[in-house]
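S.K.: Input: one structure, supplied below.
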Amino acid sequence: MNHILITEQRLNIPDMYNKVRDPSCGAISSFVGTTRDLFNDKPVVKLEYEAYIGMAEKALGDICKQLRSQWPLHHILMAHRLGSVPVGEESVAIFVSSVHRAESLAAVSAAIDALKASVPIWKKELYSDGSSNWKVNAECAWK
Amino acid sequence: MNHILITEQRLNIPDMYNKVRDPSCGAISSFVGTTRDLFNDKPVVKLEYEAYIGMAEKALGDICKQLRSQWPLHHILMAHRLGSVPVGEESVAIFVSSVHRAESLAAVSAAIDALKASVPIWKKELYSDGSSNWKVNAECAWK
Amino acid sequence: MGCEVRVVFFAAAKELVGCREASLSVPSRLSFSELKDILLEKYEALKILESNFILAKNQEYLDFEGDALVVFKSGDELAVIPPISGG
Amino acid sequence: MGCEVRVVFFAAAKELVGCREASLSVPSRLSFSELKDILLEKYEALKILESNFILAKNQEYLDFEGDALVVFKSGDELAVIPPISGG
């Protein structure tokens, strides 16, 4: 099963782990991204995420399809938080279960790379000096 | 910090995630191994893990040292459960936090490979037909 | 022949233009560069993005590397997509 | 000169020998192959493992690929280590 979640709620990491577990699987791999307190030594006071929600959900689904065409995977969960995310809290979470470890480890890494390159979500950092900055992923092909 | 844990208690996955989180880190990657219900189509009723505990703890510490010599990592947690592990429960867990994702993703994969190749822990599978089998890792250099 | 499409703006584009969505009249067939020109003419503030935005029609990215033909029908949704930063 | 070491058995080795630990007299200097021979002579059941075990002294693996010299002192711990299956 693919679980796609875009939400303003705090991401419930233990719940996501439980969603991908299965007795047929020996491996659960994950990547979780949290908001950092510094950007190039500038203290970050707040982060805000915005999304083109319908297209983002579609793009995440396309990533799941792409992953399954490359590896035998059981459950895939991809979640992104929107709105204001306090420093230290989770902004993105990817969980993948599989029979053996190689495929879920590879799929998690490919999934976060693909998300950063193609899913229409934007992050704005607000700094302690009052300035702010719409971030741009290195993976983005148009920048 | 390195967290090394060898225990007969059920592995507390959410707790392990919380141990490696840090506001200075943007990335937490993990691998969790769970016991499967089948081995080559033979139903598994029970799994038992045994360890040379003192040497296993030392070997896990050596793996952490090796990982830190290769990548800039913040916290590393490596945990293995011993004794009887019911099907579907966690036997091994590795959590790594880092500033950016590349290093924690790489370290998790390297960590589980190294564990399977060098840490003196043994798994015995007990099947529904009464037979049992001491497993051997493909990664083990003497087999 | 032209048609009415809904145009939606995100992130820096939304801040510059001052709204999330608006109505836009477009020819039913035009090239990608012609479409960008129409947007930049109607929404001059987008020029600050210095062409660093791409477009999606009905939630599919439009090819931005060639100068492909774009075909619209009334009611289509066109999105202005600045460089992304999810994950 | 010989010395008394503690030998510990794990997994299949423990099941074959029938105990976790025992005392063993070994020369203070001998080769890895000589050490294996002493173990196989005292604990014949280990022969079922068909040499598929390695050894650790004081929790450090002994080199099993060459036929290196092994040096013991009294009180050392020698572990019989069948092929591993952690993780």
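We label chains A, B, ... in the order they appear in the structure tokens, count residues from 1 in each chain, and number ligands from 1 in the order shown.
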Find the spatial neighbours of Asp129 in chain B, counting only C-alpha atoms, within a cut-off of 12 Å - ignore same-chain residues fewer than 3 positions away - and output them as an MDAnalysis selection string.
M.R.: chainID B and resid 42:46 125:126 132:133
S.K.: Which of chain D counts as helix (DSSP H, G or I) under DSSP, as a ChimeraX atom specification please?
M.R.: /D:11-17,32-42,44-49
S.K.: Selected residues, N, CA and C atoms, written as a short mmCIF file (atom, residue, chain, number, x, y, z; two decimals), in the first residue's frame, please.
M.R.:
```cif
data_model
loop_
_atom_site.label_atom_id
_atom_site.label_comp_id
_atom_site.auth_asym_id
_atom_site.auth_seq_id
_atom_site.Cartn_x
_atom_site.Cartn_y
_atom_site.Cartn_z
N ALA D 11 26.12 -20.57 20.63
CA ALA D 11 25.22 -21.05 19.56
C ALA D 11 25.39 -22.55 19.33
N ALA D 12 25.63 -22.96 18.08
CA ALA D 12 25.72 -24.38 17.76
C ALA D 12 26.87 -25.05 18.52
N ALA D 13 27.96 -24.30 18.73
CA ALA D 13 29.09 -24.86 19.48
C ALA D 13 28.68 -25.19 20.90
N LYS D 14 27.92 -24.30 21.54
CA LYS D 14 27.45 -24.53 22.91
C LYS D 14 26.53 -25.75 22.96
N GLU D 15 25.66 -25.89 21.96
CA GLU D 15 24.74 -27.04 21.94
C GLU D 15 25.53 -28.34 21.76
N LEU D 16 26.55 -28.33 20.89
CA LEU D 16 27.30 -29.55 20.62
C LEU D 16 28.14 -29.96 21.83
N VAL D 17 28.79 -28.99 22.45
CA VAL D 17 29.68 -29.29 23.56
C VAL D 17 28.90 -29.53 24.85
N PHE D 32 47.62 -20.73 15.41
CA PHE D 32 46.14 -20.78 15.35
C PHE D 32 45.68 -22.20 15.04
N SER D 33 46.35 -22.88 14.10
CA SER D 33 45.92 -24.23 13.73
C SER D 33 46.15 -25.21 14.89
N GLU D 34 47.26 -25.02 15.62
CA GLU D 34 47.52 -25.88 16.77
C GLU D 34 46.43 -25.67 17.83
N LEU D 35 46.01 -24.44 18.01
CA LEU D 35 44.97 -24.12 18.99
C LEU D 35 43.65 -24.79 18.60
N LYS D 36 43.32 -24.71 17.31
CA LYS D 36 42.08 -25.37 16.84
C LYS D 36 42.17 -26.88 17.07
N ASP D 37 43.32 -27.46 16.80
CA ASP D 37 43.50 -28.90 17.00
C ASP D 37 43.26 -29.29 18.45
N ILE D 38 43.80 -28.47 19.38
CA ILE D 38 43.60 -28.76 20.82
C ILE D 38 42.11 -28.75 21.15
N LEU D 39 41.39 -27.77 20.62
CA LEU D 39 39.95 -27.67 20.88
C LEU D 39 39.20 -28.86 20.31
N LEU D 40 39.55 -29.23 19.08
CA LEU D 40 38.83 -30.33 18.44
C LEU D 40 39.14 -31.67 19.12
N GLU D 41 40.35 -31.76 19.71
CA GLU D 41 40.71 -33.00 20.39
C GLU D 41 39.96 -33.12 21.72
N LYS D 42 39.88 -31.98 22.45
CA LYS D 42 39.20 -32.03 23.75
C LYS D 42 37.69 -32.06 23.58
N GLU D 44 35.37 -33.15 20.92
CA GLU D 44 35.20 -33.82 19.63
C GLU D 44 33.91 -33.42 18.93
N ALA D 45 32.89 -33.10 19.72
CA ALA D 45 31.59 -32.75 19.13
C ALA D 45 31.71 -31.55 18.19
N LEU D 46 32.73 -30.71 18.42
CA LEU D 46 32.91 -29.53 17.55
C LEU D 46 33.22 -29.92 16.11
N LYS D 47 33.68 -31.17 15.93
CA LYS D 47 34.03 -31.59 14.57
C LYS D 47 32.81 -31.52 13.64
N ILE D 48 31.60 -31.61 14.24
CA ILE D 48 30.39 -31.52 13.43
C ILE D 48 30.31 -30.16 12.73
N LEU D 49 30.92 -29.14 13.32
CA LEU D 49 30.92 -27.82 12.69
C LEU D 49 31.84 -27.75 11.48
#
```
S.K.: Can you work out which one of A:Phe95, A:Trp122, A:Trp142, A:Tyr127 has the shortest atom-to-atom distance to Asp15 in chain A, counting only C-alpha atoms?
M.R.: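 Closest residue, counting only C-alpha atoms: A:Phe95.
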S.K.: Could you list, as number ranges by chain, every residue within 7 Å of range 70-73 of chain D, counting only C-alpha atoms and ignoring same-chain residues fewer than 2 positions away?
M.R.: D: 3, 28-32, 68, 75-76
S.K.: Limited to all heavy atoms, could you put the picked residues into a file as an mmCIF file, in the first residue's frame?
M.R.:
```cif
data_model
loop_
_atom_site.group_PDB
_atom_site.id
_atom_site.type_symbol
_atom_site.label_atom_id
_atom_site.label_comp_id
_atom_site.auth_asym_id
_atom_site.auth_seq_id
_atom_site.Cartn_x
_atom_site.Cartn_y
_atom_site.Cartn_z
ATOM 1 N N CYS D 3 49.194 -22.590 30.336
ATOM 2 C CA CYS D 3 48.388 -21.794 31.262
ATOM 3 C C CYS D 3 46.936 -22.197 31.165
ATOM 4 O O CYS D 3 46.518 -22.910 30.241
ATOM 5 C CB CYS D 3 48.577 -20.288 31.000
ATOM 6 S SG CYS D 3 48.433 -19.819 29.276
ATOM 7 N N SER D 28 51.472 -21.477 26.247
ATOM 8 C CA SER D 28 51.386 -20.023 26.230
ATOM 9 C C SER D 28 51.681 -19.429 24.847
ATOM 10 O O SER D 28 51.323 -18.306 24.550
ATOM 11 C CB SER D 28 52.271 -19.387 27.308
ATOM 12 O OG SER D 28 53.519 -20.044 27.346
ATOM 13 N N ARG D 29 52.324 -20.226 23.987
ATOM 14 C CA ARG D 29 52.552 -19.775 22.610
ATOM 15 C C ARG D 29 52.257 -20.946 21.675
ATOM 16 O O ARG D 29 52.816 -22.027 21.837
ATOM 17 C CB ARG D 29 54.015 -19.335 22.418
ATOM 18 C CG ARG D 29 54.451 -18.193 23.297
ATOM 19 C CD ARG D 29 55.990 -18.087 23.289
ATOM 20 N NE ARG D 29 56.520 -17.719 21.970
ATOM 21 C CZ ARG D 29 56.583 -16.491 21.495
ATOM 22 N NH1 ARG D 29 56.152 -15.488 22.224
ATOM 23 N NH2 ARG D 29 57.086 -16.255 20.288
ATOM 24 N N LEU D 30 51.414 -20.701 20.692
ATOM 25 C CA LEU D 30 51.116 -21.763 19.733
ATOM 26 C C LEU D 30 50.509 -21.114 18.502
ATOM 27 O O LEU D 30 50.123 -19.937 18.535
ATOM 28 C CB LEU D 30 50.173 -22.815 20.330
ATOM 29 C CG LEU D 30 48.701 -22.501 20.521
ATOM 30 C CD1 LEU D 30 47.932 -23.773 20.915
ATOM 31 C CD2 LEU D 30 48.433 -21.402 21.508
ATOM 32 N N SER D 31 50.414 -21.891 17.419
ATOM 33 C CA SER D 31 49.820 -21.323 16.207
ATOM 34 C C SER D 31 48.305 -21.487 16.269
ATOM 35 O O SER D 31 47.769 -22.288 17.044
ATOM 36 C CB SER D 31 50.360 -22.021 14.960
ATOM 37 O OG SER D 31 49.758 -23.302 14.834
ATOM 38 N N PHE D 32 47.618 -20.726 15.408
ATOM 39 C CA PHE D 32 46.144 -20.779 15.353
ATOM 40 C C PHE D 32 45.678 -22.198 15.039
ATOM 41 O O PHE D 32 44.742 -22.707 15.680
ATOM 42 C CB PHE D 32 45.635 -19.800 14.285
ATOM 43 C CG PHE D 32 44.139 -19.720 14.194
ATOM 44 C CD1 PHE D 32 43.413 -18.908 15.069
ATOM 45 C CD2 PHE D 32 43.437 -20.464 13.248
ATOM 46 C CE1 PHE D 32 42.022 -18.831 14.993
ATOM 47 C CE2 PHE D 32 42.046 -20.389 13.159
ATOM 48 C CZ PHE D 32 41.338 -19.580 14.037
ATOM 49 N N ALA D 68 48.601 -17.555 12.281
ATOM 50 C CA ALA D 68 49.363 -16.643 13.134
ATOM 51 C C ALA D 68 49.670 -17.257 14.491
ATOM 52 O O ALA D 68 48.992 -18.171 14.971
ATOM 53 C CB ALA D 68 48.581 -15.343 13.306
ATOM 54 N N GLY D 75 44.161 -16.887 32.721
ATOM 55 C CA GLY D 75 42.985 -16.045 32.936
ATOM 56 C C GLY D 75 42.407 -15.481 31.657
ATOM 57 O O GLY D 75 41.336 -14.870 31.670
ATOM 58 N N ASP D 76 43.096 -15.646 30.522
ATOM 59 C CA ASP D 76 42.551 -15.187 29.245
ATOM 60 C C ASP D 76 41.230 -15.891 28.946
ATOM 61 O O ASP D 76 40.962 -16.992 29.451
ATOM 62 C CB ASP D 76 43.534 -15.471 28.103
ATOM 63 C CG ASP D 76 44.618 -14.417 27.991
ATOM 64 O OD1 ASP D 76 44.495 -13.345 28.641
ATOM 65 O OD2 ASP D 76 45.593 -14.658 27.248
#
```
S.K.: Give me, as a list in words, the contact residues of chain D against chain B at a cut-off of 7 Å, counting only C-alpha atoms.
M.R.: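 Filtering chain D at 7 Å from chain B with only C-alpha atoms gives Ala11, Ala12, Asn52, Phe53, Gln59, Pro83, Ile84, Ser85, Gly86 and Gly87 of chain D.
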S.K.: Between CA of Ile13 in chain A and CA of Gly83 in chain B, measure the distance and give it in Å to one decimal.
M.R.: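 Separating CA of Ile13 in chain A from CA of Gly83 in chain B is a distance of 27.4 Å.
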S.K.: Enumerate, in order of chain and increasing residue number, the residues of chain B with an atom no farther than 7 Å from chain A, each with its shortest atom pair and distance in Å to one decimal, counting only C-alpha atoms, as a tab-separated table.
M.R.:
```
residue	atom	partner	partner_atom	distance
B:Pro14	CA	A:Pro14	CA	5.7
B:Asp22	CA	A:Gly88	CA	6.7
B:Pro23	CA	A:Gly88	CA	4.6
B:Ser24	CA	A:Arg36	CA	5.5
B:Cys25	CA	A:Arg36	CA	6.0
B:Gly26	CA	A:Thr34	CA	4.8
B:Ala27	CA	A:Gly33	CA	4.8
B:Ile28	CA	A:Val32	CA	5.2
B:Ser29	CA	A:Phe31	CA	4.5
B:Ser30	CA	A:Ser30	CA	5.2
B:Phe31	CA	A:Ser29	CA	4.5
B:Val32	CA	A:Ile28	CA	5.2
B:Gly33	CA	A:Ala27	CA	4.8
B:Thr34	CA	A:Gly26	CA	4.7
B:Thr35	CA	A:Gly26	CA	5.8
B:Arg36	CA	A:Pro23	CA	5.3
B:Asp37	CA	A:Pro23	CA	5.7
B:Val87	CA	A:Pro23	CA	6.7
B:Gly88	CA	A:Pro23	CA	4.6
B:Leu105	CA	A:Ser109	CA	6.9
B:Ser109	CA	A:Leu105	CA	6.9
```
S.K.: Just give me the gap between CA of Phe9 in chain C and CA of Leu24 in chain C in Å, one decimal is fine.
M.R.: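 Result for CA of Phe9 in chain C versus CA of Leu24 in chain C: 12.1 Å, one decimal.
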